[in-house]
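Okay, start30.pdb is below, PDB, C-alpha atoms:
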ATOM      1  CA  ASP U   1      37.746 -10.906   3.497
ATOM      2  CA  SER U   2      34.437 -12.121   1.998
ATOM      3  CA  ALA U   3      30.827 -11.011   1.725
ATOM      4  CA  VAL U   4      28.624 -11.488   4.790
ATOM      5  CA  PRO U   5      24.815 -11.488   4.594
ATOM      6  CA  ALA U   6      22.610  -9.421   6.878
ATOM      7  CA  GLY U   7      21.550 -11.377   9.948
ATOM      8  CA  ALA U   8      24.813 -13.315  10.304
ATOM      9  CA  THR U   9      25.821 -14.003  13.902
ATOM     10  CA  VAL U  10      29.118 -12.792  15.357
ATOM     11  CA  GLU U  11      30.195 -16.430  15.561
ATOM     12  CA  GLU U  12      29.609 -16.800  11.808
ATOM     13  CA  LEU U  13      31.267 -13.459  11.152
ATOM     14  CA  ARG U  14      34.576 -14.459  12.752
ATOM     15  CA  SER U  15      35.600 -16.618   9.782
ATOM     16  CA  HIS U  16      35.007 -13.744   7.325
ATOM     17  CA  VAL U  17      37.085 -10.993   8.955
ATOM     18  CA  ARG U  18      40.720 -10.438   9.842
ATOM     19  CA  LEU U  19      42.599  -7.822  11.810
ATOM     20  CA  ARG U  20      45.217  -5.706  10.065
ATOM     21  CA  SER U  21      47.035  -2.451  10.727
ATOM     22  CA  ILE U  22      46.099   0.659   8.778
ATOM     23  CA  PRO U  23      47.122   4.342   9.124
ATOM     24  CA  GLY U  24      45.156   6.134  11.835
ATOM     25  CA  ALA U  25      43.801   8.641   9.301
ATOM     26  CA  ALA U  26      42.235   5.770   7.320
ATOM     27  CA  ARG U  27      40.453   4.284  10.319
ATOM     28  CA  ALA U  28      36.697   4.893  10.129
ATOM     29  CA  ASP U  29      34.865   6.241  13.173
ATOM     30  CA  GLY U  30      33.447   3.318  15.128
ATOM     31  CA  ALA U  31      35.655   0.702  13.453
ATOM     32  CA  LEU U  32      36.146  -2.363  15.650
ATOM     33  CA  SER U  33      39.511  -3.869  16.462
ATOM     34  CA  SER U  34      38.022  -6.930  18.161
ATOM     35  CA  LEU U  35      34.789  -8.918  18.263
ATOM     36  CA  ASP U  36      35.152  -9.429  22.021
ATOM     37  CA  GLY U  37      32.013  -8.285  23.813
ATOM     38  CA  SER U  38      29.857  -8.689  20.674
ATOM     39  CA  ALA U  39      28.583 -12.199  21.390
ATOM     40  CA  GLY U  40      24.910 -12.684  20.586
ATOM     41  CA  GLN U  41      24.761  -9.844  18.063
ATOM     42  CA  VAL U  42      24.056 -10.100  14.341
ATOM     43  CA  THR U  43      24.928  -8.035  11.287
ATOM     44  CA  ALA U  44      22.326  -5.336  10.677
ATOM     45  CA  VAL U  45      23.169  -5.124   6.963
ATOM     46  CA  ALA U  46      25.132  -7.108   4.394
ATOM     47  CA  LEU U  47      28.901  -6.540   4.559
ATOM     48  CA  GLU U  48      31.209  -6.312   1.548
ATOM     49  CA  PRO U  49      34.849  -7.456   1.265
ATOM     50  CA  SER U  50      37.509  -4.871   2.241
ATOM     51  CA  GLU U  51      35.161  -2.663   4.290
ATOM     52  CA  GLN U  52      35.991  -1.858   7.895
ATOM     53  CA  LEU U  53      33.674  -3.463  10.410
ATOM     54  CA  LEU U  54      31.838  -0.723  12.295
ATOM     55  CA  ALA U  55      30.235  -1.200  15.704
ATOM     56  CA  SER U  56      26.973   0.149  14.249
ATOM     57  CA  ARG U  57      26.858  -2.824  11.852
ATOM     58  CA  LEU U  58      26.266  -5.193  14.770
ATOM     59  CA  VAL U  59      22.920  -5.148  16.586
ATOM     60  CA  ASP U  60      20.797  -7.244  18.894
ATOM     61  CA  PRO U  61      18.697  -9.678  16.796
ATOM     62  CA  SER U  62      15.499  -8.036  18.071
ATOM     63  CA  GLN U  63      16.626  -4.677  16.623
ATOM     64  CA  ARG U  64      17.271  -5.928  13.119
ATOM     65  CA  ILE U  65      14.714  -4.676  10.610
ATOM     66  CA  THR U  66      13.842  -6.944   7.704
ATOM     67  CA  PRO U  67      14.401  -5.225   4.326
ATOM     68  CA  GLY U  68      11.134  -3.673   3.204
ATOM     69  CA  ALA U  69       9.846  -3.343   6.766
ATOM     70  CA  VAL U  70       9.505  -0.424   9.190
ATOM     71  CA  GLN U  71      10.103  -0.065  12.905
ATOM     72  CA  VAL U  72       7.228  -1.036  15.202
ATOM     73  CA  PRO U  73       6.074   1.963  17.295
ATOM     74  CA  GLU U  74       6.729   1.796  21.027
ATOM     75  CA  GLY U  75       4.020  -0.086  22.926
ATOM     76  CA  MET U  76       2.671  -1.888  19.864
ATOM     77  CA  GLN U  77       3.114  -5.368  18.473
ATOM     78  CA  GLU U  78       2.854  -6.897  15.016
ATOM     79  CA  VAL U  79       0.050  -9.079  13.709
ATOM     80  CA  THR U  80      -0.085 -10.639  10.234
ATOM     81  CA  VAL U  81      -3.118 -11.443   8.085
ATOM     82  CA  LEU U  82      -3.281 -13.261   4.747
ATOM     83  CA  LEU U  83      -5.359 -11.320   2.213
ATOM     84  CA  PRO U  84      -6.192 -11.613  -1.507
ATOM     85  CA  PRO U  85      -5.007  -8.891  -3.926
ATOM     86  CA  GLU U  86      -8.323  -7.055  -4.080
ATOM     87  CA  SER U  87      -8.306  -6.648  -0.294
ATOM     88  CA  VAL U  88      -4.888  -4.931  -0.251
ATOM     89  CA  VAL U  89      -5.518  -2.139  -2.753
ATOM     90  CA  GLY U  90      -4.651  -4.351  -5.701
ATOM     91  CA  GLY U  91      -1.391  -5.482  -4.144
ATOM     92  CA  THR U  92       0.047  -1.953  -4.053
ATOM     93  CA  LEU U  93       0.459  -1.675  -0.266
ATOM     94  CA  ARG U  94       3.981  -1.234   1.064
ATOM     95  CA  ALA U  95       5.618  -1.053   4.484
ATOM     96  CA  GLY U  96       5.077   2.396   5.969
ATOM     97  CA  ASP U  97       1.622   2.866   4.440
ATOM     98  CA  LEU U  98      -1.395   3.739   6.579
ATOM     99  CA  VAL U  99      -4.570   1.737   6.022
ATOM    100  CA  GLY U 100      -8.173   1.632   7.107
ATOM    101  CA  LEU U 101      -9.217  -1.836   8.268
ATOM    102  CA  TYR U 102     -12.776  -2.898   7.396
ATOM    103  CA  VAL U 103     -14.425  -6.095   8.576
ATOM    104  CA  THR U 104     -17.366  -7.884   6.952
ATOM    105  CA  GLN U 105     -19.284 -10.495   8.911
ATOM    106  CA  ALA U 106     -22.709 -12.057   9.206
ATOM    107  CA  ASP U 107     -25.246 -10.883  11.766
ATOM    108  CA  PRO U 108     -25.428 -13.645  14.428
ATOM    109  CA  ALA U 109     -29.190 -13.082  14.771
ATOM    110  CA  ALA U 110     -29.771 -13.103  11.007
ATOM    111  CA  PRO U 111     -26.933 -14.963   9.205
ATOM    112  CA  GLN U 112     -28.323 -14.005   5.791
ATOM    113  CA  ILE U 113     -27.568 -10.336   6.537
ATOM    114  CA  MET U 114     -23.955  -9.244   6.124
ATOM    115  CA  SER U 115     -22.494  -6.009   7.441
ATOM    116  CA  THR U 116     -19.249  -4.139   6.796
ATOM    117  CA  GLN U 117     -17.739  -1.553   9.081
ATOM    118  CA  LEU U 118     -14.498   0.355   9.465
ATOM    119  CA  VAL U 119     -12.889  -0.986  12.634
ATOM    120  CA  PHE U 120      -9.545   0.874  12.693
ATOM    121  CA  ASP U 121      -8.259   4.064  11.051
ATOM    122  CA  LYS U 122      -4.643   4.832  10.083
ATOM    123  CA  VAL U 123      -3.176   1.430  10.884
ATOM    124  CA  LEU U 124       0.572   1.283  10.189
ATOM    125  CA  VAL U 125       1.696  -1.428   7.757
ATOM    126  CA  THR U 126       5.084  -2.684   8.956
ATOM    127  CA  ALA U 127       5.733  -5.318   6.267
ATOM    128  CA  VAL U 128       4.174  -6.842   3.153
ATOM    129  CA  GLN U 129       5.113 -10.183   1.624
ATOM    130  CA  GLN U 130       3.524 -11.062  -1.682
ATOM    131  CA  ALA U 131       4.009 -13.176  -4.756
ATOM    132  CA  PRO U 132       5.469 -11.260  -7.716
ATOM    133  CA  PRO U 133       3.041 -10.282 -10.483
ATOM    134  CA  SER U 134       2.830 -12.440 -13.583
ATOM    135  CA  GLY U 135       4.399  -9.604 -15.603
ATOM    136  CA  SER U 136       5.664  -6.065 -15.028
ATOM    137  CA  THR U 137       3.450  -3.967 -17.306
ATOM    138  CA  SER U 138       1.192  -4.505 -20.259
ATOM    139  CA  SER U 139       1.776  -3.006 -23.712
ATOM    140  CA  ASP U 140      -0.342   0.035 -22.827
ATOM    141  CA  GLY U 141       1.682   0.729 -19.681
ATOM    142  CA  THR U 142      -0.847  -0.493 -17.109
ATOM    143  CA  SER U 143       0.316  -2.617 -14.176
ATOM    144  CA  ALA U 144       0.024  -6.371 -14.331
ATOM    145  CA  VAL U 145      -2.761  -7.949 -12.295
ATOM    146  CA  PRO U 146      -1.445  -9.410  -8.999
ATOM    147  CA  ASN U 147      -1.653 -13.190  -9.011
ATOM    148  CA  GLY U 148      -1.241 -14.120  -5.369
ATOM    149  CA  SER U 149      -2.272 -13.347  -1.833
ATOM    150  CA  SER U 150      -0.275 -11.112   0.488
ATOM    151  CA  PHE U 151       0.872 -11.444   4.066
ATOM    152  CA  VAL U 152       0.249  -7.972   5.503
ATOM    153  CA  THR U 153       1.766  -7.189   8.906
ATOM    154  CA  LEU U 154       0.161  -4.440  10.973
ATOM    155  CA  ALA U 155       1.187  -2.615  14.163
ATOM    156  CA  ARG U 156      -1.510  -2.554  16.850
ATOM    157  CA  ASN U 157      -1.845  -2.936  20.614
ATOM    158  CA  SER U 158      -2.767  -6.308  22.134
ATOM    159  CA  THR U 159      -6.548  -5.756  22.239
ATOM    160  CA  ASP U 160      -6.685  -4.497  18.656
ATOM    161  CA  SER U 161      -4.513  -7.429  17.552
ATOM    162  CA  ALA U 162      -7.005  -9.825  19.113
ATOM    163  CA  LYS U 163      -9.839  -8.134  17.197
ATOM    164  CA  ILE U 164      -7.907  -8.455  13.943
ATOM    165  CA  ILE U 165      -7.149 -12.133  14.545
ATOM    166  CA  LEU U 166     -10.791 -12.893  15.381
ATOM    167  CA  SER U 167     -11.982 -10.931  12.350
ATOM    168  CA  ALA U 168      -9.709 -12.999  10.106
ATOM    169  CA  ARG U 169     -11.151 -16.181  11.610
ATOM    170  CA  VAL U 170     -14.883 -15.394  11.564
ATOM    171  CA  GLY U 171     -15.205 -12.672   8.912
ATOM    172  CA  ASN U 172     -13.387 -10.985   6.051
ATOM    173  CA  ILE U 173     -10.850  -8.157   6.273
ATOM    174  CA  TRP U 174     -10.499  -5.468   3.606
ATOM    175  CA  LEU U 175      -7.862  -2.714   3.695
ATOM    176  CA  THR U 176      -8.063   0.770   2.186
ATOM    177  CA  LYS U 177      -5.071   3.016   1.637
ATOM    178  CA  GLN U 178      -5.134   6.165   3.777
ATOM    179  CA  THR U 179      -2.893   9.139   4.484
ATOM    180  CA  ALA U 180      -2.186  11.123   7.632
ATOM    181  CA  LYS U 181      -4.802  13.629   6.409
ATOM    182  CA  THR U 182      -7.579  11.106   5.793
ATOM    183  CA  PRO U 183     -10.590  12.298   7.851
ATOM    184  CA  ALA U 184     -11.659  10.100  10.746
ATOM    185  CA  SER U 185     -14.664   7.944   9.885
ATOM    186  CA  THR U 186     -17.967   7.781  11.761
ATOM    187  CA  ARG U 187     -17.592   3.980  11.565
ATOM    188  CA  THR U 188     -21.204   3.446  10.584
ATOM    189  CA  ALA U 189     -21.877  -0.166   9.626
ATOM    190  CA  VAL U 190     -23.343  -0.816   6.178
ATOM    191  CA  THR U 191     -25.570  -3.906   5.836
ATOM    192  CA  THR U 192     -26.847  -5.817   2.808
ATOM    193  CA  THR U 193     -30.264  -4.288   3.431
ATOM    194  CA  GLY U 194     -28.844  -0.763   3.576
ATOM    195  CA  ILE U 195     -26.549  -0.602   0.542
ATOM    196  CA  PHE U 196     -29.062   1.510  -1.430
ATOM    197  CA  GLN U 197     -30.272   3.682   1.442
TER     198      GLN U 197
END
The structure in this file should be written as structure tokens.
Amino acid sequence: DSAVPAGATVEELRSHVRLRSIPGAARADGALSSLDGSAGQVTAVALEPSEQLLASRLVDPSQRITPGAVQVPEGMQEVTVLLPPESVVGGTLRAGDLVGLYVTQADPAAPQIMSTQLVFDKVLVTAVQQAPPSGSTSSDGTSAVPNGSSFVTLARNSTDSAKIILSARVGNIWLTKQTAKTPASTRTAVTTTGIFQ
């Protein structure tokens, strides 16, 4: 009878729907005739008035994918880092992209020497949250400069997630945009004394 947002619980949904008879030929495949047995589920997508409620529209909360996000691969978990625009390819990263993750940190034995190294190749970005740009495009058609940091969520296993968290705490993380065909790196560290070598 009225619009329902994605993520609404079945309990909230009850006040927005009503049961009515329709010709069998008009009944959509998977249309529900009762909410019994659906306790604990939520709407996977927004629902519009007059549409039939399909069983596929109700999912376990853990299965609901946030708009602009992608499914986490089996056996992995998500970890989020806060990064400035220049560290996320100018703010152009999107869910589903693959990135290289570089870490810069000081040498414990010689704090004045910094080193940067690729730590992970082809990391899946599962979500990106960022402030909108100050404007859409300039008069010459170039993109506006991003004006805020981004929360970038990555899919990794538990050990890799720990490395990413520690890197964010003690060093700096920089992401590069990759593709499935990007060659694997040798992961050679570059130091401040070796930039021109």
Next item on the list: Please provide as an MDAnalysis selection string all residues within 12 Å of Gly37 of chain U, with the sequence filter that same-chain residues fewer than 2 positions apart are discarded (counting only C-alpha atoms).
Entry: chainID U and resid 10:11 32:35 39:41 55 58
Item checked: atom CA of Ser161 of chain U to atom CA of Ala44 of chain U, distance in Å rounded to a single decimal -> 27.8 Å
Next item on the list: Output the residue selection produced by the PyMOL selection byres ((chain U and resi 189) around 6) on the file above, formatted as an MDAnalysis selection string.
Entry: chainID U and resid 116:117 188 190
Print the selection's residues with C-alpha atoms to a file, as a PDB file, in the coordinates of the input.
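Below you can see selection_13.pdb, which holds the result:
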ATOM      1  CA  THR U 116     -19.249  -4.139   6.796  1.00  0.00           C
ATOM      2  CA  GLN U 117     -17.739  -1.553   9.081  1.00  0.00           C
ATOM      3  CA  THR U 188     -21.204   3.446  10.584  1.00  0.00           C
ATOM      4  CA  VAL U 190     -23.343  -0.816   6.178  1.00  0.00           C
TER       5      VAL U 190
END
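Nearest to Val79 of chain U of all the residues U:Ala180, U:Leu13, U:Ala127, U:Ala6 is U:Ala127, counting all atoms listed in the file.
At a cut-off of 7 Å from (-16.4, -7.2, 5.5), the residue set is U:Tyr102, U:Val103, U:Thr104, U:Gln105, U:Ser115, U:Thr116, U:Gln117, U:Gly171, U:Asn172, U:Ile173, U:Trp174 (counting all atoms listed in the file).
The smallest atom-to-atom distance between Pro73 of chain U and any of U:Asn157, U:Leu19, U:Val45, U:Gly91, using only C-alpha atoms, is found for U:Asn157.
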Checklist line | Spatial neighbours of segment 109-111 of chain U, max dist 12 Å, all atoms listed in the file, sep filter under 5 positions, as an NGL selection string | finding: :U and (171 or 191-193)
Next item on the list: Using all atoms listed in the file, find the one residue out of U:Gly194, U:Pro108, U:Gly24, U:Gly75 that sits nearest to Ala155 of chain U.
Entry: U:Gly75
Repair of segment 69-88 of chain U at the level of N, CA, C and O atoms, as a PDB file, in the coordinates of the input:
ATOM      1  N   ALA U  69      10.693  -3.454   5.578  1.00  0.00           N
ATOM      2  CA  ALA U  69       9.846  -3.343   6.766  1.00  0.00           C
ATOM      3  C   ALA U  69      10.153  -2.025   7.473  1.00  0.00           C
ATOM      4  O   ALA U  69      11.147  -1.372   7.183  1.00  0.00           O
ATOM      5  N   VAL U  70       9.289  -1.639   8.408  1.00  0.00           N
ATOM      6  CA  VAL U  70       9.505  -0.424   9.190  1.00  0.00           C
ATOM      7  C   VAL U  70       9.470  -0.759  10.673  1.00  0.00           C
ATOM      8  O   VAL U  70       8.938  -1.789  11.083  1.00  0.00           O
ATOM      9  N   GLN U  71      10.031   0.127  11.462  1.00  0.00           N
ATOM     10  CA  GLN U  71      10.103  -0.065  12.905  1.00  0.00           C
ATOM     11  C   GLN U  71       8.712  -0.080  13.534  1.00  0.00           C
ATOM     12  O   GLN U  71       7.845   0.708  13.155  1.00  0.00           O
ATOM     13  N   VAL U  72       8.500  -0.966  14.486  1.00  0.00           N
ATOM     14  CA  VAL U  72       7.228  -1.036  15.202  1.00  0.00           C
ATOM     15  C   VAL U  72       7.199   0.063  16.265  1.00  0.00           C
ATOM     16  O   VAL U  72       8.132   0.180  17.057  1.00  0.00           O
ATOM     17  N   PRO U  73       6.155   0.893  16.290  1.00  0.00           N
ATOM     18  CA  PRO U  73       6.074   1.963  17.295  1.00  0.00           C
ATOM     19  C   PRO U  73       6.105   1.404  18.718  1.00  0.00           C
ATOM     20  O   PRO U  73       5.649   0.283  18.975  1.00  0.00           O
ATOM     21  N   GLU U  74       6.637   2.185  19.618  1.00  0.00           N
ATOM     22  CA  GLU U  74       6.729   1.796  21.027  1.00  0.00           C
ATOM     23  C   GLU U  74       5.351   1.439  21.570  1.00  0.00           C
ATOM     24  O   GLU U  74       4.372   2.141  21.327  1.00  0.00           O
ATOM     25  N   GLY U  75       5.269   0.335  22.299  1.00  0.00           N
ATOM     26  CA  GLY U  75       4.020  -0.086  22.926  1.00  0.00           C
ATOM     27  C   GLY U  75       3.107  -0.896  22.031  1.00  0.00           C
ATOM     28  O   GLY U  75       2.043  -1.326  22.469  1.00  0.00           O
ATOM     29  N   MET U  76       3.502  -1.107  20.779  1.00  0.00           N
ATOM     30  CA  MET U  76       2.671  -1.888  19.864  1.00  0.00           C
ATOM     31  C   MET U  76       3.346  -3.218  19.542  1.00  0.00           C
ATOM     32  O   MET U  76       4.514  -3.434  19.856  1.00  0.00           O
ATOM     33  N   GLN U  77       2.590  -4.092  18.912  1.00  0.00           N
ATOM     34  CA  GLN U  77       3.114  -5.368  18.473  1.00  0.00           C
ATOM     35  C   GLN U  77       2.643  -5.610  17.053  1.00  0.00           C
ATOM     36  O   GLN U  77       1.805  -4.867  16.533  1.00  0.00           O
ATOM     37  N   GLU U  78       3.208  -6.621  16.404  1.00  0.00           N
ATOM     38  CA  GLU U  78       2.854  -6.897  15.016  1.00  0.00           C
ATOM     39  C   GLU U  78       1.919  -8.094  14.907  1.00  0.00           C
ATOM     40  O   GLU U  78       2.061  -9.064  15.637  1.00  0.00           O
ATOM     41  N   VAL U  79       0.968  -7.983  13.988  1.00  0.00           N
ATOM     42  CA  VAL U  79       0.050  -9.079  13.709  1.00  0.00           C
ATOM     43  C   VAL U  79      -0.066  -9.185  12.192  1.00  0.00           C
ATOM     44  O   VAL U  79      -0.126  -8.175  11.487  1.00  0.00           O
ATOM     45  N   THR U  80      -0.066 -10.413  11.679  1.00  0.00           N
ATOM     46  CA  THR U  80      -0.085 -10.639  10.234  1.00  0.00           C
ATOM     47  C   THR U  80      -1.378 -11.306   9.801  1.00  0.00           C
ATOM     48  O   THR U  80      -1.869 -12.228  10.466  1.00  0.00           O
ATOM     49  N   VAL U  81      -1.929 -10.828   8.672  1.00  0.00           N
ATOM     50  CA  VAL U  81      -3.118 -11.443   8.085  1.00  0.00           C
ATOM     51  C   VAL U  81      -2.823 -11.771   6.622  1.00  0.00           C
ATOM     52  O   VAL U  81      -2.058 -11.075   5.960  1.00  0.00           O
ATOM     53  N   LEU U  82      -3.428 -12.846   6.139  1.00  0.00           N
ATOM     54  CA  LEU U  82      -3.281 -13.261   4.747  1.00  0.00           C
ATOM     55  C   LEU U  82      -4.496 -12.768   3.980  1.00  0.00           C
ATOM     56  O   LEU U  82      -5.633 -13.109   4.317  1.00  0.00           O
ATOM     57  N   LEU U  83      -4.262 -11.945   2.945  1.00  0.00           N
ATOM     58  CA  LEU U  83      -5.359 -11.320   2.213  1.00  0.00           C
ATOM     59  C   LEU U  83      -5.172 -11.455   0.710  1.00  0.00           C
ATOM     60  O   LEU U  83      -4.048 -11.434   0.217  1.00  0.00           O
ATOM     61  N   PRO U  84      -6.282 -11.551  -0.043  1.00  0.00           N
ATOM     62  CA  PRO U  84      -6.192 -11.613  -1.507  1.00  0.00           C
ATOM     63  C   PRO U  84      -5.871 -10.239  -2.075  1.00  0.00           C
ATOM     64  O   PRO U  84      -6.024  -9.225  -1.388  1.00  0.00           O
ATOM     65  N   PRO U  85      -5.433 -10.170  -3.336  1.00  0.00           N
ATOM     66  CA  PRO U  85      -5.007  -8.891  -3.926  1.00  0.00           C
ATOM     67  C   PRO U  85      -6.040  -7.780  -3.842  1.00  0.00           C
ATOM     68  O   PRO U  85      -5.702  -6.631  -3.565  1.00  0.00           O
ATOM     69  N   GLU U  86      -7.313  -8.110  -4.084  1.00  0.00           N
ATOM     70  CA  GLU U  86      -8.323  -7.055  -4.080  1.00  0.00           C
ATOM     71  C   GLU U  86      -8.538  -6.458  -2.697  1.00  0.00           C
ATOM     72  O   GLU U  86      -9.053  -5.336  -2.571  1.00  0.00           O
ATOM     73  N   SER U  87      -8.130  -7.155  -1.658  1.00  0.00           N
ATOM     74  CA  SER U  87      -8.306  -6.648  -0.294  1.00  0.00           C
ATOM     75  C   SER U  87      -7.134  -5.799   0.178  1.00  0.00           C
ATOM     76  O   SER U  87      -7.163  -5.247   1.274  1.00  0.00           O
ATOM     77  N   VAL U  88      -6.074  -5.711  -0.630  1.00  0.00           N
ATOM     78  CA  VAL U  88      -4.888  -4.931  -0.251  1.00  0.00           C
ATOM     79  C   VAL U  88      -4.594  -3.893  -1.326  1.00  0.00           C
ATOM     80  O   VAL U  88      -3.452  -3.712  -1.754  1.00  0.00           O
TER      81      VAL U  88
END
